[in-house]
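J.: Have a look at the structure that comes next, please.
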Amino acid sequence: MDKNTKIKNWPRHTIQTVWAALTNSHVSGFVTGKIYTGKMKNVCVPGLNCYSCPGATGACPIGSLQAVIGSWNFKFAYYVVGFLIFVGALLGRLVCGFLCPFGLIQDLLNKIPFPKKIRTFRGDNVLRKLKYVIFLVFVIILPMFVTDIMGQGAPYFCKLICPAGTLEGGLPLVLLNKAMRGAIGWLYIWKNAILIVTIVLSVIIYRPFCRYICPLGAFYSIFNKVSVYRYHVDMEKCVHCGKCAKVCQMEVNPVEDANSLECIRCGRCRQACPVQAISCGLRKQ
Amino acid sequence: MKKLTQSRGTGLALAAVGVLMMAFGIYRGEMMVVLTKAVNICMECIGIG
């Protein structure tokens with residue numbers, strides 16, 4: 001990258017931090033070990049934010065989706081799916097870049113120096129498809145069909161995979177509640193192992209959870225190409241210098257596909273462009 | 001197809017579908033399931049149950 005190209009990440013990190021603070025503003029929960037139980041939890045937040053986090057003031061959309069699908073009386077979640085379609089159709093994966101607390105955590109972890117950061121590897125593109133499989137299997141199919149005698153399915157993604165739940169809910173609640181410490185079993189160990197792997201990988205690879213695992217990112221990615229907010233590359237201005245692709249931490253080439261499924265709309269490419277050929281915002285047409 | 005994806009109308013139409021689905025979900029009481037799940041500690045989510 002050109003030494004003169006200075007990418008400013010702090011404005012985005014500021015928005016991410018403010019949003020994470022707003023959606024986790026039940027501060028007393030972190031002292032008492034009790035979660036917020038007010039009416040605001042009727043409403044989903046756009047990013048991945050465990051509702052069992054002591055600070056959470058809203059509901060996690062992926063947890064909510066599994067809860068409704070897995071409930072005995074509903075087998076389709078119009079409310080949550082409608083919410084996800086609404087957000088996705090307006091913003092696409094801008095949510096991943098700006099409004100996801102777990103995305104922020106991975107962003108910050110990736111700032112930790114490491115001798116050999118990995119940008120991409122053989123099989124990277126194939127592995128990125130895994131998040132769609134996880135969405136279908138763990139968020140939809142298992143909660144819908146693997147049910148108990150009451151006809152209720154468990155939130156399998158949250159239970160078996162989600163490291164955000166472990167970090168935001170599991171660790172603080174277990175630390176603050178003696179009774180929960182006594183209930184720790186193999187599942188807690190398994191989930192903490194996933195969390196540790198995610199943390200270590202986040203230092204080495206940029207946003208590994210978002211790239212390969214996150215079902216929420218998978219869902220929003222479908223809308224990247226049709227969302228109202230989107231990126232545009234002016235090919236008449238573009239000088240094909242390749243700087244935009246070089247600075248993209250999600251390994252997207254905006255010139256080839258300005259609204260790639262993998263683009264989290266962080267805006268680094270726009271900053272790197274020497275001729276201001278990349279723009280973003282609401283579509284004119 | 002390209003025209004369809006590049007049209008702002010597609011995004012707005014989908015957003016409207018989302019709103020309608022949300023309204024229908026709220027009407028049939030899905031919000032209560034979300035609230036009930038969200039105000040109780042989710043043992044599966046935190047790795048206990």
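Following the order of the structure tokens, chains are lettered A, B, ..., residues in each are numbered from 1, and ligands are numbered from 1.
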At a cut-off of 9 Å, using only C-alpha atoms, what residues contact Leu14 (chain B)? Leave out same-chain residues fewer than 6 positions from it and give the result as a PyMOL selection string.

T.: chain A and resi 85-86+88-90+226-227

J.: For chain A, which residues have at least one atom within 7 Å of chain B, if we go by only C-alpha atoms? Write them as a VMD selection string, please.

T.: chain A and resid 36 to 37 41 to 42 51 to 52 59 64 67 to 68 77 to 80 82 to 83 85 to 86 89 to 90 158 to 159 165 to 166 169 to 170 183 to 185 187 to 188 191 225 to 228 283 285

J.: Could you take the residues named above and write them with N, CA and C atoms, as an mmCIF file, in the first residue's frame?

T.:
```
data_model
loop_
_atom_site.group_PDB
_atom_site.id
_atom_site.type_symbol
_atom_site.label_atom_id
_atom_site.label_comp_id
_atom_site.auth_asym_id
_atom_site.auth_seq_id
_atom_site.Cartn_x
_atom_site.Cartn_y
_atom_site.Cartn_z
ATOM 1 N N TYR A 36 -31.068 -7.808 32.209
ATOM 2 C CA TYR A 36 -32.164 -6.842 32.072
ATOM 3 C C TYR A 36 -33.442 -7.586 31.684
ATOM 4 N N THR A 37 -34.540 -7.235 32.344
ATOM 5 C CA THR A 37 -35.798 -7.953 32.072
ATOM 6 C C THR A 37 -36.922 -7.002 31.627
ATOM 7 N N LYS A 41 -36.594 -5.706 25.610
ATOM 8 C CA LYS A 41 -36.128 -7.004 25.098
ATOM 9 C C LYS A 41 -37.125 -7.665 24.152
ATOM 10 N N ASN A 42 -38.251 -7.009 23.947
ATOM 11 C CA ASN A 42 -39.168 -7.398 22.872
ATOM 12 C C ASN A 42 -38.514 -7.207 21.511
ATOM 13 N N TYR A 51 -28.527 -12.095 24.327
ATOM 14 C CA TYR A 51 -29.487 -11.483 25.264
ATOM 15 C C TYR A 51 -29.262 -11.939 26.699
ATOM 16 N N SER A 52 -28.379 -12.876 26.886
ATOM 17 C CA SER A 52 -28.025 -13.249 28.251
ATOM 18 C C SER A 52 -26.774 -12.522 28.730
ATOM 19 N N ALA A 59 -32.822 -7.973 22.177
ATOM 20 C CA ALA A 59 -32.764 -9.413 21.933
ATOM 21 C C ALA A 59 -31.865 -9.728 20.740
ATOM 22 N N SER A 64 -33.293 -15.197 18.968
ATOM 23 C CA SER A 64 -34.748 -15.035 18.882
ATOM 24 C C SER A 64 -35.335 -15.902 17.773
ATOM 25 N N ALA A 67 -35.494 -19.327 18.975
ATOM 26 C CA ALA A 67 -36.502 -19.449 20.040
ATOM 27 C C ALA A 67 -37.899 -19.591 19.454
ATOM 28 N N VAL A 68 -38.196 -18.781 18.428
ATOM 29 C CA VAL A 68 -39.544 -18.827 17.841
ATOM 30 C C VAL A 68 -39.720 -20.102 16.998
ATOM 31 N N ALA A 77 -40.829 -17.885 12.000
ATOM 32 C CA ALA A 77 -40.662 -16.663 12.785
ATOM 33 C C ALA A 77 -40.832 -15.432 11.892
ATOM 34 N N TYR A 78 -42.078 -15.035 11.683
ATOM 35 C CA TYR A 78 -42.339 -13.873 10.823
ATOM 36 C C TYR A 78 -41.712 -12.599 11.398
ATOM 37 N N TYR A 79 -41.841 -12.447 12.692
ATOM 38 C CA TYR A 79 -41.343 -11.221 13.331
ATOM 39 C C TYR A 79 -39.825 -11.081 13.153
ATOM 40 N N VAL A 80 -39.087 -12.120 13.504
ATOM 41 C CA VAL A 80 -37.626 -12.024 13.450
ATOM 42 C C VAL A 80 -37.129 -12.041 11.993
ATOM 43 N N GLY A 82 -38.783 -11.099 9.396
ATOM 44 C CA GLY A 82 -39.178 -9.796 8.849
ATOM 45 C C GLY A 82 -38.204 -8.715 9.273
ATOM 46 N N PHE A 83 -37.790 -8.759 10.531
ATOM 47 C CA PHE A 83 -36.818 -7.780 11.040
ATOM 48 C C PHE A 83 -35.497 -7.901 10.276
ATOM 49 N N ILE A 85 -34.993 -9.206 7.287
ATOM 50 C CA ILE A 85 -35.175 -8.781 5.889
ATOM 51 C C ILE A 85 -35.191 -7.247 5.814
ATOM 52 N N PHE A 86 -35.899 -6.626 6.752
ATOM 53 C CA PHE A 86 -35.988 -5.164 6.783
ATOM 54 C C PHE A 86 -34.589 -4.536 6.921
ATOM 55 N N ALA A 89 -32.380 -5.456 3.818
ATOM 56 C CA ALA A 89 -32.768 -4.753 2.592
ATOM 57 C C ALA A 89 -32.346 -3.285 2.625
ATOM 58 N N LEU A 90 -32.275 -2.720 3.811
ATOM 59 C CA LEU A 90 -31.851 -1.317 3.900
ATOM 60 C C LEU A 90 -30.323 -1.194 3.936
ATOM 61 N N CYS A 158 -26.750 -21.384 19.323
ATOM 62 C CA CYS A 158 -26.332 -20.761 20.581
ATOM 63 C C CYS A 158 -25.701 -21.809 21.503
ATOM 64 N N LYS A 159 -26.314 -22.965 21.540
ATOM 65 C CA LYS A 159 -25.888 -24.001 22.472
ATOM 66 C C LYS A 159 -24.527 -24.607 22.105
ATOM 67 N N GLY A 165 -22.061 -15.688 22.816
ATOM 68 C CA GLY A 165 -22.833 -16.015 24.016
ATOM 69 C C GLY A 165 -21.928 -16.383 25.183
ATOM 70 N N THR A 166 -20.863 -17.096 24.874
ATOM 71 C CA THR A 166 -19.918 -17.491 25.926
ATOM 72 C C THR A 166 -19.209 -16.260 26.488
ATOM 73 N N GLY A 169 -22.209 -13.558 27.718
ATOM 74 C CA GLY A 169 -23.123 -14.068 28.740
ATOM 75 C C GLY A 169 -22.478 -15.079 29.669
ATOM 76 N N GLY A 170 -21.893 -16.110 29.094
ATOM 77 C CA GLY A 170 -21.353 -17.219 29.884
ATOM 78 C C GLY A 170 -20.297 -16.807 30.889
ATOM 79 N N ALA A 183 -22.724 -25.431 38.245
ATOM 80 C CA ALA A 183 -23.451 -26.165 37.178
ATOM 81 C C ALA A 183 -22.613 -26.355 35.912
ATOM 82 N N ILE A 184 -21.355 -25.920 35.972
ATOM 83 C CA ILE A 184 -20.500 -26.018 34.780
ATOM 84 C C ILE A 184 -20.267 -27.479 34.396
ATOM 85 N N GLY A 185 -20.387 -27.756 33.110
ATOM 86 C CA GLY A 185 -20.147 -29.124 32.631
ATOM 87 C C GLY A 185 -19.380 -29.111 31.317
ATOM 88 N N LEU A 187 -20.373 -28.903 28.303
ATOM 89 C CA LEU A 187 -20.821 -27.922 27.318
ATOM 90 C C LEU A 187 -20.108 -26.576 27.519
ATOM 91 N N TYR A 188 -19.971 -26.194 28.778
ATOM 92 C CA TYR A 188 -19.303 -24.929 29.090
ATOM 93 C C TYR A 188 -17.834 -24.993 28.637
ATOM 94 N N LYS A 191 -17.756 -24.797 24.826
ATOM 95 C CA LYS A 191 -18.025 -23.454 24.319
ATOM 96 C C LYS A 191 -16.866 -22.499 24.596
ATOM 97 N N LYS A 225 -26.346 -7.192 -2.421
ATOM 98 C CA LYS A 225 -26.468 -6.754 -3.815
ATOM 99 C C LYS A 225 -27.755 -5.975 -4.089
ATOM 100 N N VAL A 226 -28.725 -6.086 -3.209
ATOM 101 C CA VAL A 226 -30.002 -5.399 -3.478
ATOM 102 C C VAL A 226 -30.334 -4.310 -2.445
ATOM 103 N N SER A 227 -29.499 -4.201 -1.416
ATOM 104 C CA SER A 227 -29.846 -3.271 -0.338
ATOM 105 C C SER A 227 -29.878 -1.826 -0.824
ATOM 106 N N VAL A 228 -30.634 -1.019 -0.126
ATOM 107 C CA VAL A 228 -30.766 0.395 -0.503
ATOM 108 C C VAL A 228 -29.426 1.120 -0.315
ATOM 109 N N ARG A 283 -28.920 4.406 -2.986
ATOM 110 C CA ARG A 283 -28.905 4.398 -4.452
ATOM 111 C C ARG A 283 -29.776 5.492 -5.034
ATOM 112 N N GLN A 285 -30.921 5.315 -8.227
ATOM 113 C CA GLN A 285 -31.933 4.657 -9.077
ATOM 114 C C GLN A 285 -32.552 3.471 -8.353
#
```

J.: If you run DSSP on the backbone, which residues of region 35-217 of chain A are alpha helix (DSSP H), as a PyMOL selection string?

T.: chain A and resi 61-69+78-91+94-98+101-109+124-127+130-134+142-145+156-160+163-165+171-176+178-181+186-204+208+215-217

J.: Would you mind exporting C-alpha atoms of the selected residues as a PDB file, in the first residue's frame?

T.:
```
ATOM      1  CA  PRO A  61     -31.890 -11.856  16.356  1.00  0.00           C
ATOM      2  CA  ILE A  62     -30.270 -15.259  15.870  1.00  0.00           C
ATOM      3  CA  GLY A  63     -31.222 -16.403  19.372  1.00  0.00           C
ATOM      4  CA  SER A  64     -34.748 -15.035  18.882  1.00  0.00           C
ATOM      5  CA  LEU A  65     -35.094 -16.762  15.520  1.00  0.00           C
ATOM      6  CA  GLN A  66     -34.232 -20.127  17.057  1.00  0.00           C
ATOM      7  CA  ALA A  67     -36.502 -19.449  20.040  1.00  0.00           C
ATOM      8  CA  VAL A  68     -39.544 -18.827  17.841  1.00  0.00           C
ATOM      9  CA  ILE A  69     -38.798 -21.624  15.355  1.00  0.00           C
ATOM     10  CA  TYR A  78     -42.339 -13.873  10.823  1.00  0.00           C
ATOM     11  CA  TYR A  79     -41.343 -11.221  13.331  1.00  0.00           C
ATOM     12  CA  VAL A  80     -37.626 -12.024  13.450  1.00  0.00           C
ATOM     13  CA  VAL A  81     -37.264 -12.963   9.762  1.00  0.00           C
ATOM     14  CA  GLY A  82     -39.178  -9.796   8.849  1.00  0.00           C
ATOM     15  CA  PHE A  83     -36.818  -7.780  11.040  1.00  0.00           C
ATOM     16  CA  LEU A  84     -33.772  -9.363   9.388  1.00  0.00           C
ATOM     17  CA  ILE A  85     -35.175  -8.781   5.889  1.00  0.00           C
ATOM     18  CA  PHE A  86     -35.988  -5.164   6.783  1.00  0.00           C
ATOM     19  CA  VAL A  87     -32.493  -4.452   8.128  1.00  0.00           C
ATOM     20  CA  GLY A  88     -30.784  -6.439   5.365  1.00  0.00           C
ATOM     21  CA  ALA A  89     -32.768  -4.753   2.592  1.00  0.00           C
ATOM     22  CA  LEU A  90     -31.851  -1.317   3.900  1.00  0.00           C
ATOM     23  CA  LEU A  91     -28.256  -1.830   5.026  1.00  0.00           C
ATOM     24  CA  LEU A  94     -23.175  -2.562   6.917  1.00  0.00           C
ATOM     25  CA  VAL A  95     -24.500  -4.005  10.186  1.00  0.00           C
ATOM     26  CA  CYS A  96     -21.448  -6.306  10.384  1.00  0.00           C
ATOM     27  CA  GLY A  97     -19.088  -3.403   9.867  1.00  0.00           C
ATOM     28  CA  PHE A  98     -20.726  -0.894  12.175  1.00  0.00           C
ATOM     29  CA  PRO A 101     -20.444  -5.830  19.089  1.00  0.00           C
ATOM     30  CA  PHE A 102     -18.813  -9.177  18.309  1.00  0.00           C
ATOM     31  CA  GLY A 103     -17.462  -7.689  15.081  1.00  0.00           C
ATOM     32  CA  LEU A 104     -15.916  -4.872  17.117  1.00  0.00           C
ATOM     33  CA  ILE A 105     -14.288  -7.385  19.463  1.00  0.00           C
ATOM     34  CA  GLN A 106     -12.735  -9.186  16.498  1.00  0.00           C
ATOM     35  CA  ASP A 107     -11.615  -5.882  14.973  1.00  0.00           C
ATOM     36  CA  LEU A 108      -9.810  -4.985  18.180  1.00  0.00           C
ATOM     37  CA  LEU A 109      -8.279  -8.445  18.581  1.00  0.00           C
ATOM     38  CA  ASP A 124     -10.572 -19.753   2.119  1.00  0.00           C
ATOM     39  CA  ASN A 125     -13.321 -19.144  -0.427  1.00  0.00           C
ATOM     40  CA  VAL A 126     -14.854 -22.574   0.107  1.00  0.00           C
ATOM     41  CA  LEU A 127     -14.715 -22.213   3.879  1.00  0.00           C
ATOM     42  CA  LEU A 130     -19.711 -22.699   5.830  1.00  0.00           C
ATOM     43  CA  LYS A 131     -21.674 -19.830   7.407  1.00  0.00           C
ATOM     44  CA  TYR A 132     -24.614 -20.547   5.076  1.00  0.00           C
ATOM     45  CA  VAL A 133     -24.575 -24.223   6.071  1.00  0.00           C
ATOM     46  CA  ILE A 134     -24.454 -23.233   9.744  1.00  0.00           C
ATOM     47  CA  LEU A 142     -32.237 -28.472  13.984  1.00  0.00           C
ATOM     48  CA  PRO A 143     -34.424 -26.154  16.137  1.00  0.00           C
ATOM     49  CA  MET A 144     -37.366 -26.887  13.825  1.00  0.00           C
ATOM     50  CA  PHE A 145     -37.117 -30.659  13.625  1.00  0.00           C
ATOM     51  CA  TYR A 156     -28.585 -25.317  18.620  1.00  0.00           C
ATOM     52  CA  PHE A 157     -26.386 -22.560  17.232  1.00  0.00           C
ATOM     53  CA  CYS A 158     -26.332 -20.761  20.581  1.00  0.00           C
ATOM     54  CA  LYS A 159     -25.888 -24.001  22.472  1.00  0.00           C
ATOM     55  CA  LEU A 160     -23.157 -25.651  20.440  1.00  0.00           C
ATOM     56  CA  PRO A 163     -18.716 -17.794  21.062  1.00  0.00           C
ATOM     57  CA  ALA A 164     -20.471 -14.431  21.507  1.00  0.00           C
ATOM     58  CA  GLY A 165     -22.833 -16.015  24.016  1.00  0.00           C
ATOM     59  CA  LEU A 171     -18.187 -15.731  31.343  1.00  0.00           C
ATOM     60  CA  PRO A 172     -19.693 -12.776  33.265  1.00  0.00           C
ATOM     61  CA  LEU A 173     -22.680 -14.718  34.578  1.00  0.00           C
ATOM     62  CA  VAL A 174     -20.599 -17.664  35.739  1.00  0.00           C
ATOM     63  CA  LEU A 175     -18.111 -15.316  37.390  1.00  0.00           C
ATOM     64  CA  LEU A 176     -20.899 -13.431  39.169  1.00  0.00           C
ATOM     65  CA  LYS A 178     -21.906 -19.060  42.574  1.00  0.00           C
ATOM     66  CA  ALA A 179     -24.806 -21.379  41.683  1.00  0.00           C
ATOM     67  CA  MET A 180     -23.876 -21.255  38.005  1.00  0.00           C
ATOM     68  CA  ARG A 181     -20.275 -22.053  38.763  1.00  0.00           C
ATOM     69  CA  TRP A 186     -18.728 -30.367  29.338  1.00  0.00           C
ATOM     70  CA  LEU A 187     -20.821 -27.922  27.318  1.00  0.00           C
ATOM     71  CA  TYR A 188     -19.303 -24.929  29.090  1.00  0.00           C
ATOM     72  CA  ILE A 189     -15.815 -26.303  28.484  1.00  0.00           C
ATOM     73  CA  TRP A 190     -16.645 -26.937  24.807  1.00  0.00           C
ATOM     74  CA  LYS A 191     -18.025 -23.454  24.319  1.00  0.00           C
ATOM     75  CA  ASN A 192     -15.039 -21.871  26.040  1.00  0.00           C
ATOM     76  CA  ALA A 193     -12.732 -23.881  23.789  1.00  0.00           C
ATOM     77  CA  ILE A 194     -14.563 -22.443  20.747  1.00  0.00           C
ATOM     78  CA  LEU A 195     -14.225 -18.972  22.239  1.00  0.00           C
ATOM     79  CA  ILE A 196     -10.487 -19.399  22.810  1.00  0.00           C
ATOM     80  CA  VAL A 197      -9.982 -20.658  19.240  1.00  0.00           C
ATOM     81  CA  THR A 198     -12.017 -17.692  17.932  1.00  0.00           C
ATOM     82  CA  ILE A 199      -9.954 -15.220  19.959  1.00  0.00           C
ATOM     83  CA  VAL A 200      -6.626 -16.685  18.856  1.00  0.00           C
ATOM     84  CA  LEU A 201      -7.713 -16.859  15.211  1.00  0.00           C
ATOM     85  CA  SER A 202      -9.001 -13.274  15.370  1.00  0.00           C
ATOM     86  CA  VAL A 203      -5.499 -12.108  16.186  1.00  0.00           C
ATOM     87  CA  ILE A 204      -4.102 -13.916  13.149  1.00  0.00           C
ATOM     88  CA  PRO A 208     -12.670 -15.317  11.228  1.00  0.00           C
ATOM     89  CA  PRO A 215     -25.244 -17.057  10.469  1.00  0.00           C
ATOM     90  CA  LEU A 216     -26.326 -13.448  10.871  1.00  0.00           C
ATOM     91  CA  GLY A 217     -23.653 -12.240   8.464  1.00  0.00           C
TER      92      GLY A 217
END
```

J.: State, in Å with one decimal place, the distance from CA of Glu251 (chain A) to CA of Leu136 (chain A).

T.: 24.5 Å
